[in-house]
Structures are given as structure tokens and as C-alpha cells.
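Structure file coords.cif; described as mmCIF, C-alpha atoms.
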data_coords
#
loop_
_atom_site.label_atom_id
_atom_site.label_comp_id
_atom_site.auth_asym_id
_atom_site.auth_seq_id
_atom_site.Cartn_x
_atom_site.Cartn_y
_atom_site.Cartn_z
CA MET A 1 32.88 -4.55 52.78
CA SER A 2 31.91 -4.64 49.14
CA LEU A 3 33.38 -3.55 45.84
CA LEU A 4 30.44 -1.16 45.70
CA ARG A 5 31.15 0.41 49.09
CA SER A 6 34.65 1.01 50.40
CA ARG A 7 36.94 3.61 51.91
CA VAL A 8 37.66 4.83 48.37
CA HIS A 9 33.93 5.48 47.85
CA ARG A 10 33.70 7.40 51.09
CA TYR A 11 36.88 9.36 50.45
CA LEU A 12 35.75 10.45 46.97
CA GLY A 13 32.14 10.93 48.04
CA ILE A 14 30.76 8.73 45.26
CA ALA A 15 27.66 6.57 45.30
CA ALA A 16 27.68 2.79 45.54
CA ARG A 17 28.97 1.67 42.16
CA PRO A 18 31.90 -0.32 40.75
CA LEU A 19 35.19 1.55 41.05
CA THR A 20 37.35 2.38 38.04
CA TYR A 21 41.09 2.68 37.51
CA GLU A 22 40.63 6.45 37.39
CA ASP A 23 38.83 6.44 40.77
CA ILE A 24 41.80 4.74 42.40
CA GLU A 25 44.20 7.12 40.69
CA THR A 26 42.26 10.17 41.87
CA ALA A 27 42.02 8.88 45.43
CA PHE A 28 45.74 8.07 45.66
CA GLU A 29 46.93 11.33 44.10
CA SER A 30 44.68 13.36 46.37
CA GLY A 31 46.24 11.82 49.46
CA LEU A 32 44.32 8.68 50.41
CA GLY A 33 46.69 6.50 52.39
CA GLU A 34 46.58 3.04 53.87
CA GLU A 35 44.15 2.55 56.70
CA ARG A 36 42.70 -0.25 58.77
CA ASP A 37 40.37 -1.15 55.87
CA LEU A 38 42.60 -0.22 52.91
CA ASP A 39 45.91 -1.76 51.88
CA TRP A 40 47.96 -0.75 48.83
CA LYS A 41 49.87 -3.65 47.24
CA ALA A 42 52.58 -3.15 44.61
CA ARG A 43 52.48 -6.63 43.10
CA LEU A 44 50.38 -9.76 42.97
CA PRO A 45 51.14 -12.35 45.66
CA LEU A 46 52.80 -14.77 43.22
CA ASP A 47 56.18 -16.44 43.56
CA GLN A 48 58.70 -16.95 40.75
CA ASP A 49 56.88 -20.08 39.60
CA GLY A 50 53.56 -18.25 39.36
CA ARG A 51 52.17 -19.88 42.50
CA VAL A 52 50.18 -17.87 45.04
CA ASP A 53 52.27 -17.27 48.14
CA ASP A 54 51.22 -17.16 51.79
CA GLU A 55 51.02 -13.37 51.84
CA PHE A 56 47.62 -13.39 50.15
CA ALA A 57 45.99 -15.61 52.80
CA LYS A 58 47.58 -13.50 55.53
CA ASP A 59 46.32 -10.19 54.10
CA VAL A 60 42.79 -11.49 53.51
CA THR A 61 42.40 -13.06 56.96
CA ALA A 62 43.77 -9.89 58.60
CA MET A 63 40.99 -7.86 56.97
CA ALA A 64 38.33 -10.47 57.77
CA ASN A 65 39.47 -10.68 61.41
CA THR A 66 39.12 -6.91 61.83
CA ASP A 67 36.41 -4.87 60.11
CA GLY A 68 36.79 -5.94 56.50
CA GLY A 69 38.47 -3.87 53.82
CA VAL A 70 39.89 -3.62 50.33
CA LEU A 71 43.27 -4.80 49.02
CA ILE A 72 44.32 -2.95 45.86
CA TYR A 73 47.12 -4.58 43.86
CA GLY A 74 49.19 -2.49 41.47
CA VAL A 75 49.66 0.55 43.73
CA HIS A 76 53.05 1.39 45.25
CA GLU A 77 52.97 3.51 48.41
CA LYS A 78 55.73 5.81 47.10
CA HIS A 79 55.54 5.52 43.31
CA GLY A 80 51.77 5.49 42.88
CA LEU A 81 49.84 3.38 40.38
CA ILE A 82 52.44 1.18 38.73
CA GLY A 83 49.86 -1.32 37.49
CA LEU A 84 50.30 -5.08 37.27
CA PRO A 85 52.87 -6.35 34.79
CA GLU A 86 51.60 -9.89 35.20
CA LYS A 87 48.73 -11.20 33.16
CA VAL A 88 45.66 -11.19 35.39
CA ASP A 89 42.97 -13.48 34.02
CA ASP A 90 40.31 -15.87 35.33
CA SER A 91 42.97 -18.50 35.94
CA THR A 92 44.85 -16.12 38.25
CA LEU A 93 41.69 -15.30 40.20
CA ARG A 94 40.86 -18.98 40.56
CA ARG A 95 44.33 -19.64 41.97
CA LEU A 96 43.86 -16.88 44.52
CA LEU A 97 40.52 -18.30 45.65
CA GLN A 98 41.94 -21.83 45.70
CA LEU A 99 44.65 -20.68 48.10
CA LEU A 100 41.99 -19.29 50.43
CA LEU A 101 40.14 -22.60 50.32
CA GLU A 102 43.31 -24.52 51.17
CA ARG A 103 45.02 -22.17 53.59
CA THR A 104 42.36 -20.41 55.69
CA ALA A 105 40.39 -21.96 58.53
CA PRO A 106 37.54 -21.33 58.64
CA PHE A 107 37.34 -20.38 54.96
CA VAL A 108 36.87 -16.65 54.39
CA ARG A 109 33.61 -16.38 52.49
CA ASP A 110 32.29 -13.75 50.06
CA VAL A 111 35.66 -12.39 48.97
CA GLU A 112 35.17 -10.40 45.74
CA MET A 113 37.77 -9.69 43.06
CA ASP A 114 37.66 -7.29 40.15
CA VAL A 115 40.25 -6.33 37.53
CA LEU A 116 40.27 -2.62 36.65
CA PRO A 117 41.84 -1.70 33.28
CA HIS A 118 42.90 1.85 32.44
CA SER A 119 40.36 3.43 30.08
CA ALA A 120 43.02 4.60 27.60
CA ASP A 121 45.49 1.74 28.03
CA PRO A 122 43.84 -1.61 28.88
CA ALA A 123 47.27 -3.16 29.41
CA ARG A 124 47.55 -1.09 32.59
CA ARG A 125 45.38 -2.67 35.24
CA LEU A 126 44.73 -2.99 38.94
CA LEU A 127 43.22 -5.80 40.99
CA LEU A 128 40.69 -5.02 43.74
CA VAL A 129 40.06 -7.64 46.40
CA SER A 130 37.18 -6.91 48.75
CA VAL A 131 37.01 -8.72 52.09
CA PRO A 132 33.82 -8.40 54.19
CA PRO A 133 33.95 -8.29 57.98
CA SER A 134 33.50 -11.91 58.96
CA LEU A 135 31.10 -13.38 61.46
CA ASP A 136 33.27 -16.52 61.46
CA ALA A 137 36.35 -14.68 62.76
CA PRO A 138 38.95 -15.43 63.93
CA HIS A 139 40.34 -16.96 60.73
CA PHE A 140 43.67 -18.78 60.78
CA VAL A 141 46.30 -19.13 58.08
CA THR A 142 47.32 -22.78 58.00
CA GLY A 143 50.88 -23.91 57.35
CA TYR A 144 53.85 -22.41 55.50
CA GLN A 145 54.01 -23.01 51.77
CA ARG A 146 57.81 -22.88 51.63
CA ASP A 147 58.30 -25.35 54.49
CA PRO A 148 56.22 -28.59 54.35
CA ALA A 149 57.47 -29.45 57.85
CA LEU A 150 55.34 -26.56 59.16
CA ARG A 151 52.15 -27.48 57.31
CA HIS A 152 50.22 -27.90 60.59
CA THR A 153 51.20 -24.47 61.93
CA LEU A 154 48.38 -22.00 62.59
CA ARG A 155 48.72 -18.21 62.46
CA VAL A 156 46.07 -15.59 63.14
CA VAL A 157 46.59 -11.94 62.20
CA GLU A 158 44.64 -8.69 62.33
CA ARG A 159 44.85 -5.12 61.06
CA ARG A 160 46.31 -2.55 63.44
CA GLY A 161 46.07 0.83 61.81
CA SER A 162 47.73 0.48 58.41
CA ASP A 163 49.77 -2.59 59.44
CA THR A 164 49.11 -6.32 59.69
CA ALA A 165 50.15 -7.89 62.99
CA VAL A 166 49.87 -11.21 64.80
CA MET A 167 46.81 -11.36 67.05
CA ASP A 168 47.75 -11.89 70.68
CA GLU A 169 46.00 -14.32 73.03
CA ARG A 170 43.75 -11.67 74.56
CA ALA A 171 42.57 -10.42 71.18
CA LEU A 172 42.01 -14.00 70.05
CA ALA A 173 39.83 -14.74 73.08
CA GLN A 174 37.87 -11.55 72.48
CA ALA A 175 37.30 -12.52 68.83
CA TYR A 176 35.83 -15.87 69.87
CA ARG A 177 33.56 -14.22 72.45
CA LYS A 178 32.39 -11.76 69.81
CA ARG A 179 31.61 -14.57 67.37
CA PHE A 180 29.44 -16.64 69.72
CA ALA A 181 27.79 -13.69 71.46
CA GLY A 182 26.95 -12.19 68.07
CA LEU A 183 25.08 -15.29 66.93
CA SER A 184 23.05 -15.33 70.14
CA ASP A 185 22.26 -11.62 69.84
CA VAL A 186 20.97 -12.08 66.29
CA GLU A 187 18.68 -14.94 67.28
CA ASN A 188 17.29 -12.90 70.17
CA ARG A 189 16.80 -9.83 67.97
CA SER A 190 15.03 -11.87 65.30
CA ALA A 191 12.76 -13.53 67.87
CA GLY A 192 11.93 -10.13 69.36
CA LEU A 193 10.99 -8.70 65.96
CA ARG A 194 8.70 -11.63 65.17
CA GLN A 195 7.03 -11.50 68.58
CA PHE A 196 6.42 -7.75 68.41
CA VAL A 197 4.78 -8.02 65.00
CA ALA A 198 2.71 -11.01 66.09
CA ASP A 199 1.43 -9.00 69.04
CA GLN A 200 0.51 -6.18 66.68
CA CYS A 201 -1.32 -8.32 64.15
CA LEU A 202 -2.93 -11.50 65.44
CA HIS A 203 -5.47 -9.99 67.88
CA GLY A 204 -7.27 -13.25 68.58
CA ALA A 205 -7.81 -14.11 64.90
CA SER A 206 -8.28 -17.76 64.01
CA THR A 207 -6.56 -17.37 60.64
CA ALA A 208 -3.03 -18.43 59.73
CA TRP A 209 -0.35 -15.77 59.67
CA LEU A 210 3.14 -15.94 58.20
CA ILE A 211 5.77 -13.92 60.07
CA VAL A 212 9.05 -13.32 58.18
CA ALA A 213 12.05 -11.54 59.71
CA CYS A 214 15.29 -10.53 57.99
CA THR A 215 17.95 -9.42 60.49
CA PRO A 216 21.47 -8.17 59.68
CA MET A 217 23.98 -10.13 61.72
CA ARG A 218 26.17 -7.02 61.82
CA PRO A 219 23.78 -4.03 62.03
CA LEU A 220 24.86 -0.44 61.58
CA PRO A 221 26.48 0.85 64.80
CA ARG A 222 24.63 4.18 64.63
CA PRO A 223 21.91 3.83 62.01
CA SER A 224 20.69 7.07 60.52
CA ARG A 225 17.01 7.68 59.86
CA ILE A 226 15.85 6.57 56.42
CA GLU A 227 13.99 9.37 54.70
CA ARG A 228 10.32 8.79 53.96
CA HIS A 229 10.64 9.52 50.25
CA LEU A 230 13.26 6.76 49.90
CA VAL A 231 10.89 4.20 51.38
CA ARG A 232 8.04 5.04 49.04
CA GLY A 233 9.52 3.42 45.96
CA LEU A 234 11.28 0.63 47.81
CA VAL A 235 8.25 -1.57 48.45
CA ALA A 236 6.89 -1.13 44.94
CA GLY A 237 10.27 -2.00 43.46
CA ALA A 238 10.56 -5.06 45.67
CA VAL A 239 7.14 -6.37 44.64
CA SER A 240 8.20 -6.03 41.02
CA LYS A 241 11.57 -7.69 41.63
CA ALA A 242 9.95 -10.60 43.46
CA THR A 243 8.41 -11.79 40.21
CA GLN A 244 11.95 -12.74 39.18
CA LEU A 245 12.44 -14.75 42.36
CA VAL A 246 9.03 -16.44 42.58
CA ALA A 247 6.96 -17.39 39.57
CA ASN A 248 3.44 -18.65 40.39
CA ASP A 249 -0.17 -17.71 39.77
CA THR A 250 -0.71 -16.07 43.15
CA PRO A 251 -1.28 -12.30 42.99
CA ASP A 252 1.37 -10.06 44.54
CA VAL A 253 0.89 -10.26 48.30
CA LEU A 254 2.39 -6.94 49.41
CA ALA A 255 0.51 -5.20 46.60
CA ALA A 256 -2.32 -5.03 49.16
CA LEU A 257 -0.24 -2.27 50.76
CA GLU A 258 -0.24 -0.15 47.59
CA PRO A 259 -2.87 2.36 48.84
CA VAL A 260 -0.66 3.15 51.86
CA TRP A 261 2.95 2.43 50.89
CA ASP A 262 3.46 5.95 49.52
CA ASP A 263 2.93 7.29 53.04
CA PRO A 264 4.64 4.97 55.55
CA ARG A 265 4.10 5.82 59.22
CA THR A 266 7.01 6.53 61.49
CA GLY A 267 7.87 4.21 64.36
CA TYR A 268 10.67 3.78 66.88
CA GLY A 269 13.70 3.22 64.63
CA ARG A 270 11.50 2.04 61.77
CA TRP A 271 8.88 2.78 59.15
CA VAL A 272 5.56 0.92 59.29
CA VAL A 273 3.38 0.11 56.29
CA SER A 274 0.06 -1.60 57.11
CA ASN A 275 -3.39 -1.89 55.59
CA PHE A 276 -5.31 -2.89 58.72
CA VAL A 277 -3.72 -1.88 62.06
CA ALA A 278 -4.52 1.85 62.29
CA PRO A 279 -7.97 3.41 61.70
CA THR A 280 -6.55 5.34 58.74
CA ASP A 281 -5.34 2.18 56.99
CA SER A 282 -6.98 1.25 53.72
CA GLY A 283 -8.63 -1.95 54.95
CA VAL A 284 -8.50 -3.34 51.41
CA GLY A 285 -7.18 -6.73 50.32
CA ARG A 286 -5.16 -9.29 52.18
CA PRO A 287 -4.14 -8.04 55.67
CA CYS A 288 -0.41 -7.23 55.56
CA TYR A 289 1.96 -5.51 57.95
CA LEU A 290 5.53 -4.47 57.10
CA GLU A 291 8.30 -2.85 59.16
CA LEU A 292 11.49 -1.42 57.66
CA HIS A 293 14.05 -0.65 60.35
CA HIS A 294 16.72 2.00 59.99
CA ASP A 295 19.44 -0.55 60.80
CA GLY A 296 18.45 -2.75 57.84
CA ALA A 297 16.11 -5.23 59.53
CA VAL A 298 12.79 -6.12 57.86
CA VAL A 299 9.84 -7.95 59.41
CA ALA A 300 6.45 -8.68 57.89
CA ALA A 301 3.19 -10.40 58.81
CA ILE A 302 0.78 -11.71 56.16
CA ASP A 303 -2.66 -13.30 56.60
CA LEU A 304 -2.46 -16.53 54.59
CA SER A 305 -6.16 -17.38 54.96
CA SER A 306 -7.77 -14.23 53.59
CA ARG A 307 -8.47 -15.60 50.07
CA VAL A 308 -9.71 -18.97 51.31
CA GLN A 309 -13.50 -19.16 51.43
CA ASP A 310 -13.82 -22.16 53.73
CA ARG A 311 -12.22 -21.52 57.11
CA SER A 312 -13.71 -24.61 58.80
CA ASN A 313 -15.38 -22.52 61.49
CA GLY A 314 -12.01 -21.79 63.02
CA GLN A 315 -11.20 -25.46 63.60
CA SER A 316 -8.29 -25.38 61.13
CA ALA A 317 -6.34 -22.45 59.78
CA PRO A 318 -5.99 -22.61 55.99
CA VAL A 319 -2.52 -21.83 54.63
CA GLU A 320 -2.53 -20.73 51.00
CA THR A 321 0.63 -22.35 49.65
CA GLY A 322 1.06 -19.95 46.75
CA ALA A 323 0.80 -16.99 49.11
CA VAL A 324 3.62 -18.44 51.24
CA GLU A 325 5.93 -18.49 48.22
CA ARG A 326 4.90 -15.06 46.97
CA ALA A 327 5.11 -13.43 50.42
CA ILE A 328 8.55 -14.82 51.22
CA GLY A 329 9.90 -13.79 47.81
CA GLU A 330 8.58 -10.26 48.26
CA VAL A 331 9.91 -9.84 51.80
CA VAL A 332 13.35 -11.08 50.70
CA ALA A 333 13.25 -8.54 47.86
CA VAL A 334 12.28 -5.76 50.31
CA MET A 335 15.22 -6.74 52.51
CA ASP A 336 17.62 -6.60 49.57
CA GLY A 337 16.33 -3.17 48.55
CA LEU A 338 16.59 -1.79 52.08
CA LEU A 339 20.12 -3.09 52.63
CA THR A 340 21.21 -1.67 49.29
CA LEU A 341 19.85 1.64 50.55
CA VAL A 342 21.34 1.71 54.06
CA GLY A 343 24.40 -0.34 53.28
CA PRO A 344 25.36 -2.58 56.23
CA GLU A 345 27.91 -5.06 54.91
CA SER A 346 26.64 -8.08 56.79
CA ASP A 347 25.38 -11.61 56.61
CA ILE A 348 21.59 -11.75 56.95
CA ASP A 349 19.61 -14.07 59.21
CA LEU A 350 16.22 -14.94 57.68
CA SER A 351 13.46 -16.68 59.61
CA ALA A 352 9.83 -17.57 58.98
CA GLU A 353 7.10 -19.13 61.08
CA LEU A 354 3.38 -19.83 60.94
CA LEU A 355 1.31 -18.48 63.82
CA ARG A 356 -2.28 -18.10 64.91
CA ALA A 357 -3.60 -16.29 67.96
CA ARG A 358 -5.01 -19.39 69.64
CA PRO A 359 -3.01 -22.53 68.93
CA THR A 360 -5.73 -24.60 70.57
CA ASP A 361 -8.20 -23.71 67.78
CA GLY A 362 -6.89 -26.47 65.56
CA PRO A 363 -4.12 -27.33 63.12
CA PHE A 364 -2.90 -25.51 60.03
CA ALA A 365 -4.04 -26.97 56.69
CA ALA A 366 -2.38 -26.46 53.31
CA VAL A 367 -4.70 -25.11 50.61
CA ARG A 368 -4.17 -24.30 46.93
CA VAL A 369 -6.11 -21.37 45.49
CA SER A 370 -6.61 -21.11 41.72
CA PRO A 371 -6.49 -17.80 39.81
CA LEU A 372 -10.32 -17.98 39.74
CA GLY A 373 -10.49 -18.18 43.54
CA GLU A 374 -11.29 -21.91 43.79
CA HIS A 375 -9.49 -23.64 46.62
CA TYR A 376 -8.30 -27.22 46.90
CA HIS A 377 -7.26 -29.44 49.81
CA ASP A 378 -4.87 -31.99 48.32
CA GLY A 379 -5.28 -35.42 49.84
CA PHE A 380 -1.57 -36.03 50.25
CA THR A 381 -1.03 -33.07 52.60
CA ARG A 382 -0.98 -33.42 56.36
CA PRO A 383 -2.19 -30.98 59.03
CA VAL A 384 0.44 -29.20 61.10
CA ARG A 385 -0.31 -28.58 64.76
CA ARG A 386 3.01 -27.14 65.86
CA PRO A 387 4.79 -25.39 62.99
CA GLN A 388 8.54 -25.16 63.30
CA LEU A 389 10.61 -22.02 62.90
CA VAL A 390 12.46 -22.05 59.58
CA ARG A 391 15.79 -20.28 59.05
CA ALA A 392 18.07 -19.37 56.16
CA GLU A 393 21.14 -17.21 55.76
CA LEU A 394 22.45 -14.79 53.14
CA GLY A 395 25.97 -13.46 52.77
CA PRO A 396 26.89 -9.79 52.46
CA VAL A 397 27.31 -10.18 48.69
CA ARG A 398 23.87 -10.97 47.27
CA SER A 399 23.12 -11.85 43.65
CA ASP A 400 19.62 -12.59 42.37
CA ILE A 401 20.47 -16.29 42.49
CA ASP A 402 21.46 -15.95 46.15
CA LEU A 403 18.15 -14.21 46.91
CA GLN A 404 16.21 -16.90 45.10
CA ALA A 405 18.11 -19.63 46.97
CA ALA A 406 17.24 -18.01 50.31
CA ALA A 407 13.58 -17.68 49.31
CA TRP A 408 13.55 -21.32 48.21
CA GLU A 409 15.04 -22.46 51.51
CA LEU A 410 12.43 -20.61 53.59
CA CYS A 411 9.51 -21.68 51.39
CA ASP A 412 10.62 -25.29 51.32
CA GLY A 413 11.02 -25.28 55.10
CA VAL A 414 7.52 -23.89 55.68
CA LEU A 415 5.67 -26.00 53.10
CA SER A 416 7.51 -29.28 53.60
CA GLN A 417 5.91 -29.46 57.04
CA PHE A 418 2.63 -30.10 55.18
CA GLY A 419 4.26 -32.66 52.89
CA VAL A 420 4.30 -30.13 50.04
CA HIS A 421 7.27 -29.28 47.85
CA THR A 422 7.62 -25.60 47.07
CA GLY A 423 6.92 -24.62 43.50
CA ILE A 424 9.96 -22.36 43.44
CA GLY A 425 12.74 -23.90 41.39
CA ARG A 426 15.77 -24.58 43.52
CA PRO A 427 18.60 -22.45 42.09
CA TYR A 428 22.14 -23.69 41.87
CA VAL A 429 24.44 -21.50 43.98
#

Once you've parsed the file, please lay out its structure as C-alpha cells.
Amino acid sequence: MSLLRSRVHRYLGIAARPLTYEDIETAFESGLGEERDLDWKARLPLDQDGRVDDEFAKDVTAMANTDGGVLIYGVHEKHGLIGLPEKVDDSTLRRLLQLLLERTAPFVRDVEMDVLPHSADPARRLLLVSVPPSLDAPHFVTGYQRDPALRHTLRVVERRGSDTAVMDERALAQAYRKRFAGLSDVENRSAGLRQFVADQCLHGASTAWLIVACTPMRPLPRPSRIERHLVRGLVAGAVSKATQLVANDTPDVLAALEPVWDDPRTGYGRWVVSNFVAPTDSGVGRPCYLELHHDGAVVAAIDLSSRVQDRSNGQSAPVETGAVERAIGEVVAVMDGLLTLVGPESDIDLSAELLRARPTDGPFAAVRVSPLGEHYHDGFTRPVRRPQLVRAELGPVRSDIDLQAAAWELCDGVLSQFGVHTGIGRPYV
């Protein structure tokens, strides 16, 4: 769940954008009631001393343990939008988050909060709290604030219709099975995507290929087909956005797909953009292959050796380090654009690996390529015979800093195997 996508958005039929006070007012007055993923709250969860009470942790974990949702404070079920008489500032929001840190186990991540003032009267305001469906569920509420003797008590709750109820033993066991089975399913799905693309692209080549997969950990249950015209601008926009994530002298990698990205080919549950697989492909520039799946998954294969003049007669596979950084940044940007389009509110599993068709041909070797096309083998690098799979993870709420951090983690994992530090600055998250 996100502040940009909620039951209120769906009820009003509005696009993904921040909600306003007037949006909430319109939805309530037109009959929108509490549901599994929507809870009206008349007042902030503060006691007489201004401390956050246990109710907040209970309501947040109930949403996280179910399917996510939105808590809207300042709305009375019978009297409508009464607003919040209390002063809601950054200090209040910090106290709410601090309670979650102290009183939920495991901690409920990626909770968003936003204060909505009335356009004509800023003193009237609402507080929106968005809770994504959690892959770490079940979450427990620890202890009772009013009774220190019960500080070790654990409670686990869930949403049942418009109510919050204690989760019984059977539901708790099912939640744990769902958590661990889900992680295994994502790893298998990601491995399957990488293997399928490798089978499509390597074809006995002695060059080095980078395979990058971005897999939603909670895919859409019934993904609808993405229209072709929506895909056309997505790749171009991602290539442009990647310059904000990765700054180096390497030319845009996926720009090699420009002659064909306006006309992606259909596939089973996906769109395919390639400049070398089909006879009608352009055959120009660095070989690249990109799949955009209707459920939000993205997988790409990029030839990292195509700009390197010396290929050592196939004995070693040159890996252009700048192309690794640029390619990963662009694929991460494509993933962000696709998920913004299709909208699964989910953590994202990211993985990258180096492959060549015949591992017995020789090791991978790190190479730098200058803007003039000159290539350099730095003496401090080491050959890599068995590259390791590298993984990273993104939450359902993704800022540009989060995207850059994920790109840094993948790039650093791939290049550190050669003894090379990635040139991408590590962002502070």
C-alpha cells in the first residue's frame, strides 16, 4: 500500500497521486466506509501526557499482517471529518515511528505518514498513515505500555473485514508458512527469469554477459496486459533517469535498443525489446535484450565485451566495468518505471550475475574503456573464474536515493569480485 495508491484512490477513480483533505472528504461523504484496508480514526493515538499509546502499534501491525492499508486520523465514523485538534508536527510523527521501532517485532518497515491540511483552513488537518503488506508478517506488538509487568507479552492481530482481531493459532501458522514459502518462490522465479534470458542470448558466445533480474516479491494476483504504447516511452525515460543514478563516462547501454524500443514484441506475459535475437532486430550497437513482464518483473541481458577490441581469442571474457554500472542503473530505472505503471505494492528482489556460454573458455577479466575507445587492464584486478550471484532488495516505497543504493549494492557486488570498487557513490539511506 502506498500514499499514492489506496482504497480512496480506487473509490474515487483517481490516478496515483498524493491525496488531499478534499479527496478524503469527498470519499467519506459519498459513502466510503471502513474496509479491510481502510480504517477511520477519530483522534491521534496519544494519551493524556502526549505519549503514543499501544493502539497505534496494534493498528499498524494488523494492516501489515493482512494486505496492507491506510489509517486516516481525524475522521469519525458517524460525525465525518472532525480534523485533529492536536498539533501534528515532525515531532509527533517521530514519536509514532519510535513507538513502532520499540513495540513491533519484527519492525514494520516502509510505513508512510502525511499530514493533509484543509485548503481553506490549514488549522483543519488529517493524518494519513500508509502500511504496506509485509513480507515479514506476522508482526507482534510487544508488551503493554500501561503495565510494565507485562512488558514481555506478545500480541499478534489482523484485519477481519472492518475490524481488528487477535490472530488465532491457525492463522499464525499460516502466516509463517506464507512468509517462508514466499521467499523461496521469489528466488525460484528470479532464477527462472535469468536462466530463460541466458538461454535466449548466449548462444555459444565467448563474451561476457550481465544478466539482471528485478522480481516483485508480491506480484499482482491477476496482472493485466500492459499496453504497447505505454511501454514505448518507459525505456527511453528509464535511460534518461539512470543518469541521475549512475554518473560515469560510459555511453547509455540500453540506448542500443533505441531503434526497436518504440515497437516492443509481444511475449507470454511480457514485452520483449531486443536488438539482436530476431531477424528483424536492428543489429546495431551493443547486444541487449530486455523483458518487461505484466506482473512487474524486469530481466535484461547485456553483452559487456562488445566495445572491447581485444578479446584474447576467447581465452578470457572482458568485462567492461563502466558498462556494468551503467547497465545496472538503467535496468533498476526500468524496473521503477514499470512498477510505477502497473502498481504492485511490493518489496523487490534484485539479482545480477556474470555468465558466458562456455565457462571452460577461461576467466572473466575486468577492463576499463575510455570515451575514445581505448581499453585498459589494471594490474591490481584479478580474474574471476566462477562469478557469484549478487542480490539486493528494495522496499515498496522507493525514492531516488533508494534506487541508487540498490544499484550501488549490485554494482559493488559484481565488481568487487575483480578487486574493483564501483565508481557509483554509495548513497546514505

The PyMOL selection byres ((chain A and resi 93) around 12) applied to the shown file, residues as a PyMOL selection string: chain A and resi 44-46+51-52+56+87-92+94-100+111-115+127-129

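For the residues A:Leu403, A:Gly83, A:Gly343, A:Arg426, ranking by smallest atom-to-atom distance to A:Ala15 using only C-alpha atoms places A:Gly343 first.
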
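The protein and nucleic acid residues lying at most 9 Å from A:Leu71 are Asp37, Leu38, Asp39, Trp40, Lys41, Asp59, Val60, Met63, Leu127, Leu128, Val129, Ser130 and Val131 of chain A, with only C-alpha atoms considered and sequence neighbours fewer than 4 positions away removed.
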
Residues near A:Trp261, cut-off 10 Å, only C-alpha atoms, skip fewer than 5 positions along chain, as a CSV table (one decimal) with C-alpha atoms, keeping the file's coordinate frame:
chain,number,residue,atom,x,y,z
A,231,VAL,CA,10.9,4.2,51.4
A,232,ARG,CA,8.0,5.0,49.0
A,233,GLY,CA,9.5,3.4,46.0
A,234,LEU,CA,11.3,0.6,47.8
A,235,VAL,CA,8.2,-1.6,48.4
A,236,ALA,CA,6.9,-1.1,44.9
A,254,LEU,CA,2.4,-6.9,49.4
A,255,ALA,CA,0.5,-5.2,46.6
A,256,ALA,CA,-2.3,-5.0,49.2
A,272,VAL,CA,5.6,0.9,59.3
A,273,VAL,CA,3.4,0.1,56.3
A,274,SER,CA,0.1,-1.6,57.1
A,275,ASN,CA,-3.4,-1.9,55.6
A,290,LEU,CA,5.5,-4.5,57.1

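With all atoms listed in the file as the basis for measurement, A:Arg124 is the residue among A:His139, A:Arg124, A:Arg368, A:Arg170 that approaches A:Ile82 most closely.
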
Given the PyMOL selection byres ((chain A and resi 12) around 12), the residues it picks as number ranges by chain: A: 5-11, 13-16, 19, 22-32

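Between atom CA of A:Ala213 and atom CA of A:Gln200 there is a distance of 14.5 Å.
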